[in-house]
Amino acid sequence: MSEHSSPNQTSNDEVDLSVVIEKIKSFFKSILTGIVQIFQFFWNHKVRLLIFLIIGIGLQYLLMTQTQKIYVSEYLVRTNFESTEYLYSKVSSINAKLNSEDTLFLERVFGEDYERIKELEVSPVVDVYSLINESEGNREIFELLLDEYGDLSFLEDEININEYPTHKLRIFIKGLENNELISNRLYDFLSDNAFFEELKQTALSSYREQLEQNKTIRAQIDSIIKDQRENGMMPNLNDKAVSFTVSQDFKELLTQKQGLLNNDFILRNQLSSEDAIFKTIDASFGVLSEEKNLNYFVIPLSLVAAYCLFFFALYLRNTVQSILKA
């Protein structure tokens, strides 16, 4: 009986394979037909589409001439005295005032041009390498978060902003006039804080005092070395008979002086970098914002897309009706 069923089975397999091939051909044929119909649609409606495109360009030009372009001013700042959360909190509160149109507050911050302010933004400058190399603990936490999130998006979470010393403050302003003046008014407002000002003055005073103390100690070391030289007590490292204690004391003096010089370098850098609550590293004013201004082709392409979607909806309706009738 199996001898008779084998040819039948082979015949059925051939029929099934031919059906699959026909379905594949039909699928690709429908795709090609759809592509041809799309080209035919654009060709048959080319005049109307061109008219819509011209109208859209005209509307876009009219809109752009009637509305002010948005420019951005940007500060790259270093937050000192653990003032990062304060900066983000102030920016958030000012944005809330902008949304609620608190004119008295906004005029106090930005001056008479407060109505031109669109939005403020502040974001950390993420330095992954400095962050993970700062300590072994940071490296382990970074690896755990990377495994959990699967990407680096967690680096800009609000909980991590204190880990970064440098931040970008951006002010979006309508129009180009007086952008630098408006931006500087905001910067001065943010920097006007009695608590952080007191911390700054205390730190700067401490740095200057340490520099003076280091200078005094270095002078004393130089005086001791001078006295030893004048009294013939300078150790000769090539003289094996020299006192070990004298030689050791001399090396300790030189090491101490070198340490003081290194400390002076650090203190002078701190005096330079911490003389402001927000130390400006770089600033730019009146740069045209691409993200806040409308693209030149938004309205023209929107009109063309709406026209195409209308006819596509008609096509779907007719297709559904023909299927239901069948």
# chains A, B, ... in the order shown; residues from 1 in each chain; ligands from 1
>>> residues_around(residues="A:Tyr164", least_positions_apart="2", cutoff="9 Å", atoms="only C-alpha atoms", output="PyMOL selection string")
chain A and resi 78-79+84+124-127+131+160-162+166-167
>>> write_last_selection(atoms="N, CA and C atoms", output="CSV table (one decimal), in the first residue's frame")
chain,number,residue,atom,x,y,z
A,78,ARG,N,31.2,76.6,35.2
A,78,ARG,CA,31.6,75.6,36.2
A,78,ARG,C,30.9,76.1,37.5
A,79,THR,N,30.2,75.1,38.1
A,79,THR,CA,29.5,75.4,39.3
A,79,THR,C,30.4,75.2,40.5
A,84,THR,N,25.3,73.4,42.1
A,84,THR,CA,24.6,72.8,41.0
A,84,THR,C,23.1,72.7,41.1
A,124,PRO,N,23.9,69.2,32.0
A,124,PRO,CA,25.3,68.9,32.4
A,124,PRO,C,26.2,68.6,31.2
A,125,VAL,N,27.4,68.9,31.2
A,125,VAL,CA,28.4,68.4,30.2
A,125,VAL,C,28.9,67.1,30.7
A,126,VAL,N,28.5,66.0,30.1
A,126,VAL,CA,28.8,64.7,30.6
A,126,VAL,C,30.2,64.3,30.2
A,127,ASP,N,31.0,64.0,31.2
A,127,ASP,CA,32.4,63.5,31.0
A,127,ASP,C,32.5,62.2,31.6
A,131,LEU,N,34.3,60.8,35.2
A,131,LEU,CA,33.4,60.4,36.3
A,131,LEU,C,33.8,59.0,36.8
A,160,ASN,N,22.0,62.6,38.9
A,160,ASN,CA,23.5,62.6,38.7
A,160,ASN,C,24.1,63.9,38.4
A,161,ILE,N,23.3,65.0,38.4
A,161,ILE,CA,23.8,66.3,37.9
A,161,ILE,C,24.9,66.8,38.8
A,162,ASN,N,24.9,66.5,40.1
A,162,ASN,CA,26.0,67.0,41.0
A,162,ASN,C,27.3,66.3,40.7
A,166,THR,N,30.8,70.9,35.1
A,166,THR,CA,30.6,71.9,34.0
A,166,THR,C,29.2,71.7,33.5
A,167,HIS,N,28.5,72.8,33.2
A,167,HIS,CA,27.1,72.8,32.7
A,167,HIS,C,26.9,73.8,31.6
>>> residues_around(residues="A:Leu271", least_positions_apart="6", cutoff="12 Å", atoms="only C-alpha atoms", output="PyMOL selection string")
chain A and resi 80+200-211+264-265+279
>>> residues_around(residues="stretch 260-263 of chain A", least_positions_apart="6", cutoff="10 Å", atoms="only C-alpha atoms", output="list in words")
Gln210, Leu211, Gln213, Asn214, Lys215, Ile217, Arg218, Leu254 and Asn269 of chain A
>>> select_by_dssp(residues="stretch 184-325 of chain A", states="strand (DSSP E)", output="CSV table (one decimal) with C-alpha atoms, in the first residue's frame")
chain,number,residue,atom,x,y,z
A,278,PHE,CA,29.3,80.2,38.4
A,279,LYS,CA,32.7,80.5,36.7
A,280,THR,CA,32.2,81.3,33.0
A,281,ILE,CA,34.4,79.1,30.8
A,282,ASP,CA,32.9,80.3,27.5
A,283,ALA,CA,29.9,82.3,26.3
A,284,SER,CA,28.2,82.9,22.9
A,285,PHE,CA,25.3,85.2,22.1
A,286,GLY,CA,22.8,85.6,19.3
A,287,VAL,CA,23.2,82.3,17.5
A,288,LEU,CA,20.2,81.3,15.4
>>> atom_distance(atom1="atom CA of A:Tyr71", atom2="atom CA of A:Lys97")
20.2 Å
>>> closest_residue(among="A:Lys257, A:Arg229, A:Arg185, A:Arg268", to="A:Asp113", atoms="only C-alpha atoms")
A:Arg185
>>> select_by_dssp(residues="stretch 258-306 of chain A", states="alpha helix (DSSP H)", output="MDAnalysis selection string")
chainID A and resid 258:273 298:306
>>> write_last_selection(atoms="C-alpha atoms", output="compact mmCIF listing (two decimals), in the first residue's frame")
# COMPACT_ATOMS: atom_id res chain seq x y z
CA GLN A 258 58.69 71.53 47.02
CA GLY A 259 55.40 70.53 48.64
CA LEU A 260 54.69 74.16 49.49
CA LEU A 261 55.36 75.24 45.90
CA ASN A 262 52.98 72.55 44.61
CA ASN A 263 50.37 73.66 47.12
CA ASP A 264 50.81 77.28 45.96
CA PHE A 265 50.05 76.18 42.40
CA ILE A 266 46.81 74.50 43.52
CA LEU A 267 45.79 77.49 45.64
CA ARG A 268 46.38 79.97 42.81
CA ASN A 269 44.27 77.82 40.47
CA GLN A 270 41.51 77.79 43.07
CA LEU A 271 41.71 81.57 43.42
CA SER A 272 41.29 81.87 39.67
CA SER A 273 38.55 79.26 39.16
CA VAL A 298 7.34 72.38 7.08
CA ILE A 299 4.19 74.03 5.68
CA PRO A 300 4.74 73.09 1.98
CA LEU A 301 5.38 69.44 2.81
CA SER A 302 2.47 69.39 5.27
CA LEU A 303 0.04 70.60 2.58
CA VAL A 304 1.31 68.04 0.07
CA ALA A 305 1.11 65.28 2.69
CA ALA A 306 -2.47 66.26 3.62
>>> atom_distance(atom1="atom CA of A:Arg108", atom2="atom CA of A:Ser123")
24.4 Å
>>> residues_around(residues="A:Phe110", least_positions_apart="6", cutoff="8 Å", atoms="only C-alpha atoms", output="MDAnalysis selection string")
chainID A and resid 182:183 185:186
>>> residues_around(residues="A:Glu197", least_positions_apart="5", cutoff="10 Å", atoms="only C-alpha atoms", output="PDB file with C-alpha atoms, in the first residue's frame")
ATOM      1  CA  PHE A  81      30.650  75.589  46.203  1.00  0.00           C
ATOM      2  CA  SER A 191      24.902  84.748  40.665  1.00  0.00           C
ATOM      3  CA  ASP A 192      23.299  87.080  43.218  1.00  0.00           C
ATOM      4  CA  THR A 202      35.434  82.668  52.951  1.00  0.00           C
ATOM      5  CA  ALA A 203      37.132  80.304  50.510  1.00  0.00           C
ATOM      6  CA  ASP A 275      36.259  83.704  42.194  1.00  0.00           C
ATOM      7  CA  ALA A 276      32.611  83.369  41.064  1.00  0.00           C
ATOM      8  CA  ILE A 277      29.689  81.151  42.053  1.00  0.00           C
TER       9      ILE A 277
END
>>> atom_distance(atom1="atom CA of A:Ser322", atom2="atom CA of A:Thr33")
18.0 Å
